[in-house]
Structure formats: structure tokens, C-alpha cells
>>> print(open('upload-v2.txt').read())   # compact mmCIF, C-alpha atoms
# COMPACT_ATOMS: atom_id res chain seq x y z
CA ARG A 1 -61.69 50.47 7.85
CA TYR A 2 -58.56 48.54 8.70
CA MET A 3 -56.13 48.08 11.58
CA HIS A 4 -52.37 48.28 11.00
CA ARG A 5 -49.20 47.32 12.83
CA GLU A 6 -45.72 48.08 11.49
CA GLY A 7 -43.31 45.27 10.72
CA GLU A 8 -40.71 43.96 8.27
CA GLY A 9 -41.21 41.71 5.27
CA VAL A 10 -44.25 40.49 3.36
CA ALA A 11 -47.44 41.75 4.98
CA VAL A 12 -50.08 39.62 6.69
CA ILE A 13 -53.76 40.45 6.15
CA PHE A 14 -56.32 39.12 8.63
CA ILE A 15 -59.85 38.55 7.28
CA HIS A 16 -62.73 38.07 9.73
CA GLY A 17 -65.85 35.93 9.39
CA PHE A 18 -69.58 36.46 8.88
CA GLY A 19 -70.79 39.27 11.18
CA GLY A 20 -67.31 39.87 12.57
CA ASP A 21 -64.83 42.72 12.27
CA CYS A 22 -61.13 43.45 12.59
CA ASP A 23 -61.37 43.44 16.39
CA ASN A 24 -61.64 39.64 16.19
CA TRP A 25 -57.85 39.73 15.74
CA LEU A 26 -56.88 41.85 18.75
CA PHE A 27 -54.97 38.93 20.29
CA HIS A 28 -52.95 38.46 17.10
CA VAL A 29 -52.03 41.70 15.35
CA ASP A 30 -49.35 42.78 17.84
CA GLU A 31 -47.84 39.32 18.19
CA ILE A 32 -47.67 38.63 14.45
CA SER A 33 -46.23 42.10 13.78
CA THR A 34 -42.97 40.81 15.29
CA GLU A 35 -42.70 38.73 12.09
CA ALA A 36 -44.28 40.97 9.44
CA PRO A 37 -46.37 44.09 8.82
CA VAL A 38 -49.98 43.34 9.78
CA TYR A 39 -53.31 44.58 8.48
CA ALA A 40 -56.78 43.52 9.62
CA LEU A 41 -59.69 44.86 7.62
CA ASP A 42 -63.41 45.26 8.10
CA LEU A 43 -64.98 43.62 5.07
CA PRO A 44 -67.74 45.51 3.22
CA GLY A 45 -70.91 45.51 5.31
CA HIS A 46 -69.00 44.87 8.53
CA GLY A 47 -67.45 46.89 11.34
CA GLY A 48 -66.57 50.41 10.30
CA SER A 49 -66.73 49.78 6.55
CA THR A 50 -69.58 50.84 4.28
CA LYS A 51 -72.94 49.10 4.82
CA THR A 52 -74.42 49.94 1.42
CA ILE A 53 -73.58 46.79 -0.54
CA VAL A 54 -75.72 45.70 -3.47
CA ASN A 55 -75.80 41.90 -3.87
CA PRO A 56 -72.90 41.01 -1.54
CA THR A 57 -71.06 38.00 -2.90
CA VAL A 58 -67.74 36.25 -2.38
CA GLU A 59 -66.40 38.14 -5.39
CA VAL A 60 -67.35 41.48 -3.83
CA MET A 61 -65.39 40.54 -0.71
CA VAL A 62 -62.41 39.27 -2.71
CA ASN A 63 -62.34 42.53 -4.64
CA ALA A 64 -62.27 44.44 -1.36
CA VAL A 65 -59.18 42.51 -0.25
CA VAL A 66 -57.41 43.13 -3.57
CA GLN A 67 -58.41 46.80 -3.55
CA LEU A 68 -56.96 47.16 -0.04
CA MET A 69 -53.72 45.59 -1.24
CA ASP A 70 -53.63 47.97 -4.19
CA HIS A 71 -54.34 50.93 -1.90
CA LEU A 72 -51.47 49.88 0.37
CA SER A 73 -49.15 49.09 -2.59
CA LEU A 74 -48.81 45.46 -1.49
CA ASP A 75 -47.77 43.25 -4.38
CA ARG A 76 -48.22 40.10 -2.27
CA ALA A 77 -49.49 39.23 1.19
CA HIS A 78 -49.99 36.30 3.52
CA LEU A 79 -53.74 35.90 4.05
CA VAL A 80 -55.22 34.66 7.33
CA GLY A 81 -58.96 34.08 7.20
CA HIS A 82 -61.50 32.86 9.75
CA SER A 83 -64.75 31.13 8.74
CA MET A 84 -66.22 33.18 5.87
CA GLY A 85 -62.91 35.05 5.88
CA GLY A 86 -61.18 31.75 5.11
CA LEU A 87 -63.38 31.31 2.07
CA ILE A 88 -62.54 34.86 0.96
CA ALA A 89 -58.81 34.33 1.55
CA GLY A 90 -58.89 31.10 -0.42
CA GLN A 91 -60.92 32.56 -3.28
CA THR A 92 -58.48 35.46 -3.43
CA ALA A 93 -55.67 32.94 -3.92
CA VAL A 94 -57.65 31.14 -6.62
CA ASN A 95 -58.42 34.37 -8.48
CA HIS A 96 -55.12 36.17 -7.84
CA LYS A 97 -52.51 33.49 -7.18
CA ASP A 98 -49.55 35.82 -7.69
CA ARG A 99 -50.82 38.17 -4.96
CA VAL A 100 -50.94 35.51 -2.19
CA ALA A 101 -47.74 34.35 -0.45
CA SER A 102 -49.50 31.84 1.83
CA LEU A 103 -52.88 30.94 3.30
CA THR A 104 -53.87 30.30 6.89
CA LEU A 105 -57.48 29.10 6.99
CA ILE A 106 -59.12 28.98 10.43
CA CYS A 107 -62.38 27.00 10.69
CA ALA A 108 -62.86 28.08 7.10
CA ALA A 109 -65.99 28.12 5.02
CA GLY A 110 -65.70 26.88 1.44
CA LEU A 111 -64.18 23.48 2.22
CA GLY A 112 -67.40 21.47 2.20
CA ASP A 113 -71.18 21.73 2.00
CA ASP A 114 -72.16 21.41 5.64
CA ILE A 115 -72.76 24.34 7.99
CA ASN A 116 -74.86 24.94 11.09
CA SER A 117 -77.62 26.78 9.25
CA GLU A 118 -79.66 27.09 12.44
CA TYR A 119 -76.88 29.22 13.93
CA ILE A 120 -76.57 31.35 10.78
CA ASP A 121 -80.34 31.91 10.59
CA ALA A 122 -80.59 32.76 14.29
CA PHE A 123 -77.63 35.17 14.16
CA VAL A 124 -79.17 37.07 11.27
CA SER A 125 -82.68 37.21 12.76
CA ALA A 126 -81.82 37.89 16.44
CA ALA A 127 -82.94 41.35 17.56
CA SER A 128 -82.47 41.15 21.33
CA ARG A 129 -79.95 39.96 23.91
CA LYS A 130 -82.31 37.13 24.87
CA GLU A 131 -82.40 35.88 21.28
CA LEU A 132 -78.74 36.37 20.43
CA LYS A 133 -76.77 35.23 23.48
CA PRO A 134 -77.82 31.54 23.47
CA LYS A 135 -76.89 31.24 19.80
CA LEU A 136 -73.46 32.83 20.25
CA LYS A 137 -72.62 29.98 22.62
CA CYS A 138 -72.34 27.80 19.48
CA LEU A 139 -69.12 29.67 18.70
CA PHE A 140 -67.15 28.54 21.75
CA ALA A 141 -66.22 25.33 23.54
CA ASP A 142 -66.32 27.41 26.73
CA ASP A 143 -69.59 29.31 26.46
CA ASP A 144 -68.66 31.47 29.47
CA LEU A 145 -66.68 33.49 26.93
CA VAL A 146 -69.93 34.88 25.53
CA SER A 147 -69.90 38.11 27.53
CA ARG A 148 -72.55 40.78 27.87
CA ALA A 149 -70.23 43.22 26.10
CA MET A 150 -69.86 40.84 23.14
CA VAL A 151 -73.62 40.47 22.81
CA ASP A 152 -74.23 44.21 23.14
CA ASP A 153 -71.56 45.06 20.55
CA LEU A 154 -73.09 42.66 18.02
CA LEU A 155 -76.58 44.01 18.63
CA LYS A 156 -75.31 47.56 18.15
CA TYR A 157 -73.79 46.52 14.83
CA LYS A 158 -76.95 44.70 13.70
CA ARG A 159 -79.06 47.79 14.40
CA LEU A 160 -77.02 50.06 12.11
CA ASP A 161 -78.79 51.26 8.97
CA GLY A 162 -78.42 48.77 6.16
CA VAL A 163 -76.90 45.94 8.18
CA GLN A 164 -79.98 43.72 8.48
CA ALA A 165 -80.65 43.73 4.74
CA PHE A 166 -76.94 43.20 4.06
CA LEU A 167 -76.71 40.14 6.35
CA GLU A 168 -79.85 38.62 4.86
CA ASP A 169 -78.49 39.06 1.32
CA LEU A 170 -75.06 37.73 2.27
CA LYS A 171 -76.61 34.69 3.95
CA LYS A 172 -78.69 34.00 0.85
CA ASN A 173 -75.64 34.19 -1.41
CA LEU A 174 -73.24 32.16 0.77
CA PHE A 175 -75.44 29.73 2.70
CA SER A 176 -78.47 28.98 0.58
CA GLY A 177 -80.80 26.12 1.51
CA GLY A 178 -78.90 25.36 4.69
CA LYS A 179 -75.70 24.53 2.78
CA GLN A 180 -72.56 26.34 1.71
CA THR A 181 -72.86 27.46 -1.88
CA THR A 182 -69.14 27.78 -2.72
CA SER A 183 -66.45 25.11 -2.55
CA ILE A 184 -62.79 25.98 -3.16
CA ALA A 185 -61.00 22.93 -1.73
CA ASP A 186 -60.21 21.32 -5.09
CA ASP A 187 -59.02 24.60 -6.58
CA LEU A 188 -56.73 25.24 -3.60
CA ALA A 189 -55.26 21.73 -3.80
CA ILE A 190 -53.78 22.43 -7.22
CA LEU A 191 -52.37 25.87 -6.37
CA ASN A 192 -48.74 26.18 -5.43
CA VAL A 193 -49.65 28.31 -2.41
CA PRO A 194 -48.60 27.02 1.05
CA ALA A 195 -51.74 26.39 3.12
CA LEU A 196 -52.19 25.89 6.85
CA VAL A 197 -55.60 24.81 8.09
CA ILE A 198 -56.45 25.37 11.78
CA TRP A 199 -59.62 24.03 13.38
CA GLY A 200 -61.23 23.90 16.80
CA SER A 201 -61.93 20.33 17.90
CA GLU A 202 -65.38 21.30 19.22
CA ASP A 203 -66.46 23.52 16.32
CA ALA A 204 -70.27 23.53 16.28
CA VAL A 205 -70.63 25.79 13.22
CA ILE A 206 -68.52 24.11 10.52
CA PRO A 207 -67.55 20.43 10.97
CA LYS A 208 -63.90 19.79 11.79
CA ALA A 209 -63.98 17.03 9.14
CA HIS A 210 -63.64 19.86 6.60
CA ALA A 211 -60.11 20.52 7.89
CA THR A 212 -58.67 17.75 5.70
CA ALA A 213 -60.42 18.85 2.50
CA ILE A 214 -57.35 20.47 0.88
CA ASN A 215 -54.93 17.85 -0.36
CA GLY A 216 -51.39 18.82 0.64
CA ALA A 217 -52.31 21.40 3.29
CA ARG A 218 -50.87 21.29 6.80
CA VAL A 219 -53.68 20.62 9.29
CA GLU A 220 -53.76 21.46 13.01
CA VAL A 221 -56.80 20.71 15.19
CA ILE A 222 -56.63 22.47 18.55
CA PRO A 223 -58.25 20.58 21.45
CA ASP A 224 -60.98 22.06 23.64
CA THR A 225 -61.77 24.96 21.33
CA GLY A 226 -64.75 25.85 19.16
CA HIS A 227 -65.39 27.90 16.05
CA MET A 228 -63.69 30.97 17.54
CA VAL A 229 -60.51 28.99 18.14
CA MET A 230 -58.34 32.08 17.72
CA LEU A 231 -60.07 33.69 20.73
CA GLU A 232 -60.08 30.55 22.88
CA ASN A 233 -56.41 29.66 22.33
CA PRO A 234 -54.73 32.70 20.76
CA GLY A 235 -51.27 31.64 21.92
CA ARG A 236 -51.34 28.37 19.99
CA VAL A 237 -52.88 30.01 16.92
CA ASN A 238 -50.14 32.66 16.95
CA GLU A 239 -47.48 29.94 17.22
CA LEU A 240 -48.92 28.15 14.22
CA ILE A 241 -49.19 31.31 12.11
CA LYS A 242 -45.60 32.31 12.91
CA SER A 243 -44.33 28.85 12.03
CA HIS A 244 -46.25 28.96 8.74
CA LEU A 245 -44.91 32.40 7.84
CA SER A 246 -41.34 31.23 8.35
>>> encode(input="upload-v2.txt", output="C-alpha cells")
Amino acid sequence: RYMHREGEGVAVIFIHGFGGDCDNWLFHVDEISTEAPVYALDLPGHGGSTKTIVNPTVEVMVNAVVQLMDHLSLDRAHLVGHSMGGLIAGQTAVNHKDRVASLTLICAAGLGDDINSEYIDAFVSAASRKELKPKLKCLFADDDLVSRAMVDDLLKYKRLDGVQAFLEDLKKNLFSGGKQTTSIADDLAILNVPALVIWGSEDAVIPKAHATAINGARVEVIPDTGHMVMLENPGRVNELIKSHLS
């Protein structure tokens, strides 16, 4: 499943994070389509895409991005990734440098070892609104943004056939032993791919110190925002993406 907006020039592909979907980019797809064609996909195991994934790994997710590009006949694209999606965007650039015009990494995984494993564990295991809602507050500086509809939508997703096993396997492969298992910062530093790193100053999932991990990348830390910085200050994030594309 993917979302599409028409535009001119090199396409932009938005890649969501762990447990997310393309709807995470609803505040961005229309605005960025004034600069370029826009696509936002549901990664394997997420949203409306297939849930039957054997041994989900970073490589599986990277292949899904490349296969979408092939399906759409996109030789190159600007990749915008949030959290796990940032790791996938970056690994796509490492594996397929000629296919990536630029990177925008938002509170990205893959830039250091540390991660809030308590949040990851609780998200995967939560089976009720009472269990899930307090943990989702880790995602925002303003926890009033954790709405009943958000919680209910995530619970509906987690109850779909195959999702629980998928999330457990993905967690094991990406965040084993309470740490991130893949680091791409050094590989990205030696690529000739323009990189913008955006972080929320109050990120409680991945430390904002990771924002400076890529030597040569442009770094922007947005005040008073958390891990879901693109939902808390979409206007500023859109400004930064547009500036980077140009």
C-alpha cells in the first residue's frame, strides 16, 4: 500500500517508523507535492501492506523500498525516513547509492546504539488501551496529542492476524538486548548523498545526541518536540524538507 500525490521533478518517498504507516505523513504529502511527486508507503508488516513476513530484517524493508521504486519506474528518489524508517532510508542509500538523490532522517534509528527499549518492549506487548496509552506518551513532548483515536487505531492494527508475531520478530532483529543492532552513520558519512538530520529536542525514544553522528550532515533540532517531531511541528519539518530538496 502506498499514498501518492502528483508533482514535478525527482520523487520524494516517505518511510514511516516501527509500528507506523503512511498516514504518519498526512501533514506533509500535500505540502511537499508542491516541490516534487510524493509517495508514502506502508512497509511490509505495517498498515495496509502484507503481514506475512518471514524473518523481517532491515534488508527486507530496503528491498521493499527499491521494489516500489522499480514498480513506479523511479530511477532515483529523495528519501525521507522517520525513526526505523530513517534507518531503512539510510541503508537504502548505502546499498543503492545511485538510486538516492538525498536523505532526510527524522529522529532516525541506526545512528547509535541507544534506544528506549522499555518503550519498544511495551509497544509490542501492549494489548489494551490501558497498557498502550501511557507508553505512547513517550513519543511526544506534548502528551495531550496521544488521542483515543490514535490508541484505538494502533490496537486495531496490533490485533490483525500476523502482526504480533511480526512485531516481535522485527524487534528481535532491530533492537536486540535493549540496543540497536545496526549502525549506518559511518557508512553514510562517506557517501556523496546530501543528508539532513532532524530531531526533536525532547525525544524520549532515541537520544538527540545521535543527531550529530553523520559527519557532514546538516542537523536541525526542533525545540519543544519529541520523537514524533513531524506531527508536533509539521510546518517547520516541511520547511526544512523543502529547503533540503532545493
>>> residues_near_point(input="upload-v2.txt", point="(-58.6, 35.5, 2.5)", cutoff="8 Å", atoms="all atoms listed in the file", output="ChimeraX atom specification")
/A:13-15,62,65,79-81,85-93,103,105
>>> closest_atom_pairs(input="upload-v2.txt", of="region 66-157 of chain A", to="region 166-183 of chain A", cutoff="8 Å", atoms="all atoms listed in the file", output="tab-separated table")
residue	atom	partner	partner_atom	distance
A:Ala109	CA	A:Gln180	CA	7.6
A:Gly110	CA	A:Ser183	CA	4.4
A:Leu111	CA	A:Ser183	CA	5.5
A:Gly112	CA	A:Ser183	CA	6.1
A:Asp113	CA	A:Gln180	CA	4.8
A:Asp114	CA	A:Lys179	CA	5.5
A:Ile115	CA	A:Lys179	CA	6.0
A:Asn116	CA	A:Gly178	CA	7.6
A:Ser117	CA	A:Gly178	CA	4.9
A:Glu118	CA	A:Gly178	CA	8.0
A:Ile120	CA	A:Lys171	CA	7.6
A:Val124	CA	A:Leu167	CA	6.3
>>> atom_distance(input="upload-v2.txt", atom1="CA of Glu59 (chain A)", atom2="CA of Pro194 (chain A)")
22.0 Å
>>> residues_around(input="upload-v2.txt", residues="Ala217 (chain A)", least_positions_apart="5", cutoff="9 Å", atoms="all atoms listed in the file", output="compact mmCIF listing (two decimals) with C-alpha atoms, in the coordinates of the input")
# COMPACT_ATOMS: atom_id res chain seq x y z
CA ALA A 189 -55.26 21.73 -3.80
CA PRO A 194 -48.60 27.02 1.05
CA ALA A 195 -51.74 26.39 3.12
CA LEU A 196 -52.19 25.89 6.85
CA VAL A 197 -55.60 24.81 8.09
CA THR A 212 -58.67 17.75 5.70
>>> atom_distance(input="upload-v2.txt", atom1="CA of Gly200 (chain A)", atom2="CA of Cys107 (chain A)")
6.9 Å
>>> atom_distance(input="upload-v2.txt", atom1="CA of Tyr157 (chain A)", atom2="CA of Ile184 (chain A)")
29.4 Å
>>> closest_residue(input="upload-v2.txt", among="A:Asp203, A:Asp161, A:Met228, A:Val219", to="Gly20 (chain A)", atoms="only C-alpha atoms")
A:Met228
>>> residues_around(input="upload-v2.txt", residues="Arg5 (chain A)", least_positions_apart="4", cutoff="10 Å", atoms="all atoms listed in the file", output="number ranges by chain")
A: 11-12, 29-34, 36-40
>>> closest_residue(input="upload-v2.txt", among="A:Leu136, A:Leu231, A:Ile106, A:Ile190", to="Asp152 (chain A)", atoms="all atoms listed in the file")
A:Leu136
>>> closest_residue(input="upload-v2.txt", among="A:Met150, A:Leu145, A:Ala165, A:Leu160", to="Asn233 (chain A)", atoms="all atoms listed in the file")
A:Leu145
>>> closest_residue(input="upload-v2.txt", among="A:Met230, A:Leu245, A:Ala122, A:Ala64", to="Asn24 (chain A)", atoms="only C-alpha atoms")
A:Met230
>>> closest_residue(input="upload-v2.txt", among="A:Ile222, A:Leu68, A:Leu139, A:Ala149", to="Val237 (chain A)", atoms="only C-alpha atoms")
A:Ile222
>>> residues_around(input="upload-v2.txt", residues="Gly17 (chain A)", least_positions_apart="4", cutoff="7 Å", atoms="only C-alpha atoms", output="ChimeraX atom specification")
/A:82-85
>>> decode(input="upload-v2.txt", residues="region 163-175 of chain A", atoms="all heavy atoms", output="tab-separated table (two decimals), in the first residue's frame")
chain	number	residue	atom	x	y	z
A	163	VAL	N	0.31	-9.78	12.92
A	163	VAL	CA	1.04	-8.57	13.32
A	163	VAL	C	1.86	-8.79	14.59
A	163	VAL	O	3.01	-8.36	14.68
A	163	VAL	CB	0.06	-7.38	13.49
A	163	VAL	CG1	0.75	-6.22	14.23
A	163	VAL	CG2	-0.45	-6.93	12.14
A	164	GLN	N	1.29	-9.46	15.58
A	164	GLN	CA	2.02	-9.62	16.84
A	164	GLN	C	3.33	-10.38	16.63
A	164	GLN	O	4.39	-9.96	17.10
A	164	GLN	CB	1.14	-10.34	17.87
A	164	GLN	CG	1.73	-10.36	19.28
A	164	GLN	CD	1.92	-8.97	19.85
A	164	GLN	OE1	1.12	-8.07	19.62
A	164	GLN	NE2	3.00	-8.78	20.59
A	165	ALA	N	3.27	-11.48	15.90
A	165	ALA	CA	4.49	-12.25	15.63
A	165	ALA	C	5.47	-11.43	14.81
A	165	ALA	O	6.69	-11.47	15.05
A	165	ALA	CB	4.14	-13.55	14.91
A	166	PHE	N	4.95	-10.66	13.85
A	166	PHE	CA	5.82	-9.82	13.02
A	166	PHE	C	6.55	-8.79	13.87
A	166	PHE	O	7.77	-8.61	13.74
A	166	PHE	CB	4.99	-9.11	11.95
A	166	PHE	CG	5.70	-7.96	11.30
A	166	PHE	CD1	6.66	-8.19	10.33
A	166	PHE	CD2	5.42	-6.65	11.68
A	166	PHE	CE1	7.33	-7.12	9.74
A	166	PHE	CE2	6.08	-5.59	11.10
A	166	PHE	CZ	7.04	-5.82	10.12
A	167	LEU	N	5.84	-8.08	14.75
A	167	LEU	CA	6.47	-7.05	15.59
A	167	LEU	C	7.51	-7.66	16.52
A	167	LEU	O	8.57	-7.06	16.74
A	167	LEU	CB	5.41	-6.30	16.39
A	167	LEU	CG	4.50	-5.37	15.60
A	167	LEU	CD1	3.43	-4.78	16.50
A	167	LEU	CD2	5.29	-4.25	14.92
A	168	GLU	N	7.21	-8.82	17.07
A	168	GLU	CA	8.18	-9.48	17.96
A	168	GLU	C	9.44	-9.85	17.19
A	168	GLU	O	10.57	-9.66	17.69
A	168	GLU	CB	7.53	-10.70	18.60
A	168	GLU	CG	6.46	-10.34	19.63
A	168	GLU	CD	5.69	-11.54	20.13
A	168	GLU	OE1	5.95	-12.66	19.62
A	168	GLU	OE2	4.83	-11.37	21.00
A	169	ASP	N	9.29	-10.37	15.97
A	169	ASP	CA	10.46	-10.74	15.17
A	169	ASP	C	11.25	-9.51	14.74
A	169	ASP	O	12.49	-9.52	14.75
A	169	ASP	CB	10.02	-11.53	13.93
A	169	ASP	CG	9.56	-12.94	14.27
A	169	ASP	OD1	9.84	-13.41	15.39
A	169	ASP	OD2	8.89	-13.56	13.40
A	170	LEU	N	10.54	-8.45	14.36
A	170	LEU	CA	11.21	-7.23	13.94
A	170	LEU	C	11.98	-6.60	15.10
A	170	LEU	O	13.12	-6.15	14.93
A	170	LEU	CB	10.19	-6.25	13.37
A	170	LEU	CG	10.75	-4.99	12.70
A	170	LEU	CD1	11.64	-5.35	11.50
A	170	LEU	CD2	9.61	-4.08	12.25
A	171	LYS	N	11.37	-6.59	16.27
A	171	LYS	CA	12.04	-6.07	17.46
A	171	LYS	C	13.32	-6.87	17.74
A	171	LYS	O	14.38	-6.28	18.03
A	171	LYS	CB	11.11	-6.13	18.67
A	171	LYS	CG	11.73	-5.59	19.95
A	171	LYS	CD	10.84	-5.84	21.15
A	171	LYS	CE	10.93	-7.27	21.63
A	171	LYS	NZ	10.31	-7.47	22.96
A	172	LYS	N	13.23	-8.17	17.64
A	172	LYS	CA	14.38	-9.03	17.91
A	172	LYS	C	15.51	-8.73	16.93
A	172	LYS	O	16.69	-8.71	17.31
A	172	LYS	CB	13.96	-10.49	17.81
A	172	LYS	CG	15.09	-11.49	18.03
A	172	LYS	CD	14.60	-12.92	17.88
A	172	LYS	CE	14.16	-13.21	16.45
A	172	LYS	NZ	13.73	-14.61	16.24
A	173	ASN	N	15.17	-8.49	15.67
A	173	ASN	CA	16.20	-8.27	14.65
A	173	ASN	C	16.80	-6.86	14.70
A	173	ASN	O	17.98	-6.69	14.37
A	173	ASN	CB	15.61	-8.51	13.26
A	173	ASN	CG	15.38	-9.98	12.97
A	173	ASN	OD1	16.01	-10.84	13.56
A	173	ASN	ND2	14.45	-10.28	12.07
A	174	LEU	N	16.01	-5.87	15.11
A	174	LEU	CA	16.48	-4.48	15.07
A	174	LEU	C	16.95	-3.95	16.42
A	174	LEU	O	17.85	-3.09	16.47
A	174	LEU	CB	15.37	-3.56	14.55
A	174	LEU	CG	15.33	-3.30	13.05
A	174	LEU	CD1	15.19	-4.59	12.25
A	174	LEU	CD2	14.22	-2.32	12.71
A	175	PHE	N	16.34	-4.45	17.51
A	175	PHE	CA	16.61	-3.88	18.84
A	175	PHE	C	16.87	-5.00	19.84
A	175	PHE	O	16.17	-5.15	20.82
A	175	PHE	CB	15.43	-3.02	19.29
A	175	PHE	CG	14.93	-2.05	18.25
A	175	PHE	CD1	13.63	-2.13	17.76
A	175	PHE	CD2	15.77	-1.07	17.74
A	175	PHE	CE1	13.18	-1.24	16.80
A	175	PHE	CE2	15.33	-0.18	16.77
A	175	PHE	CZ	14.03	-0.27	16.30
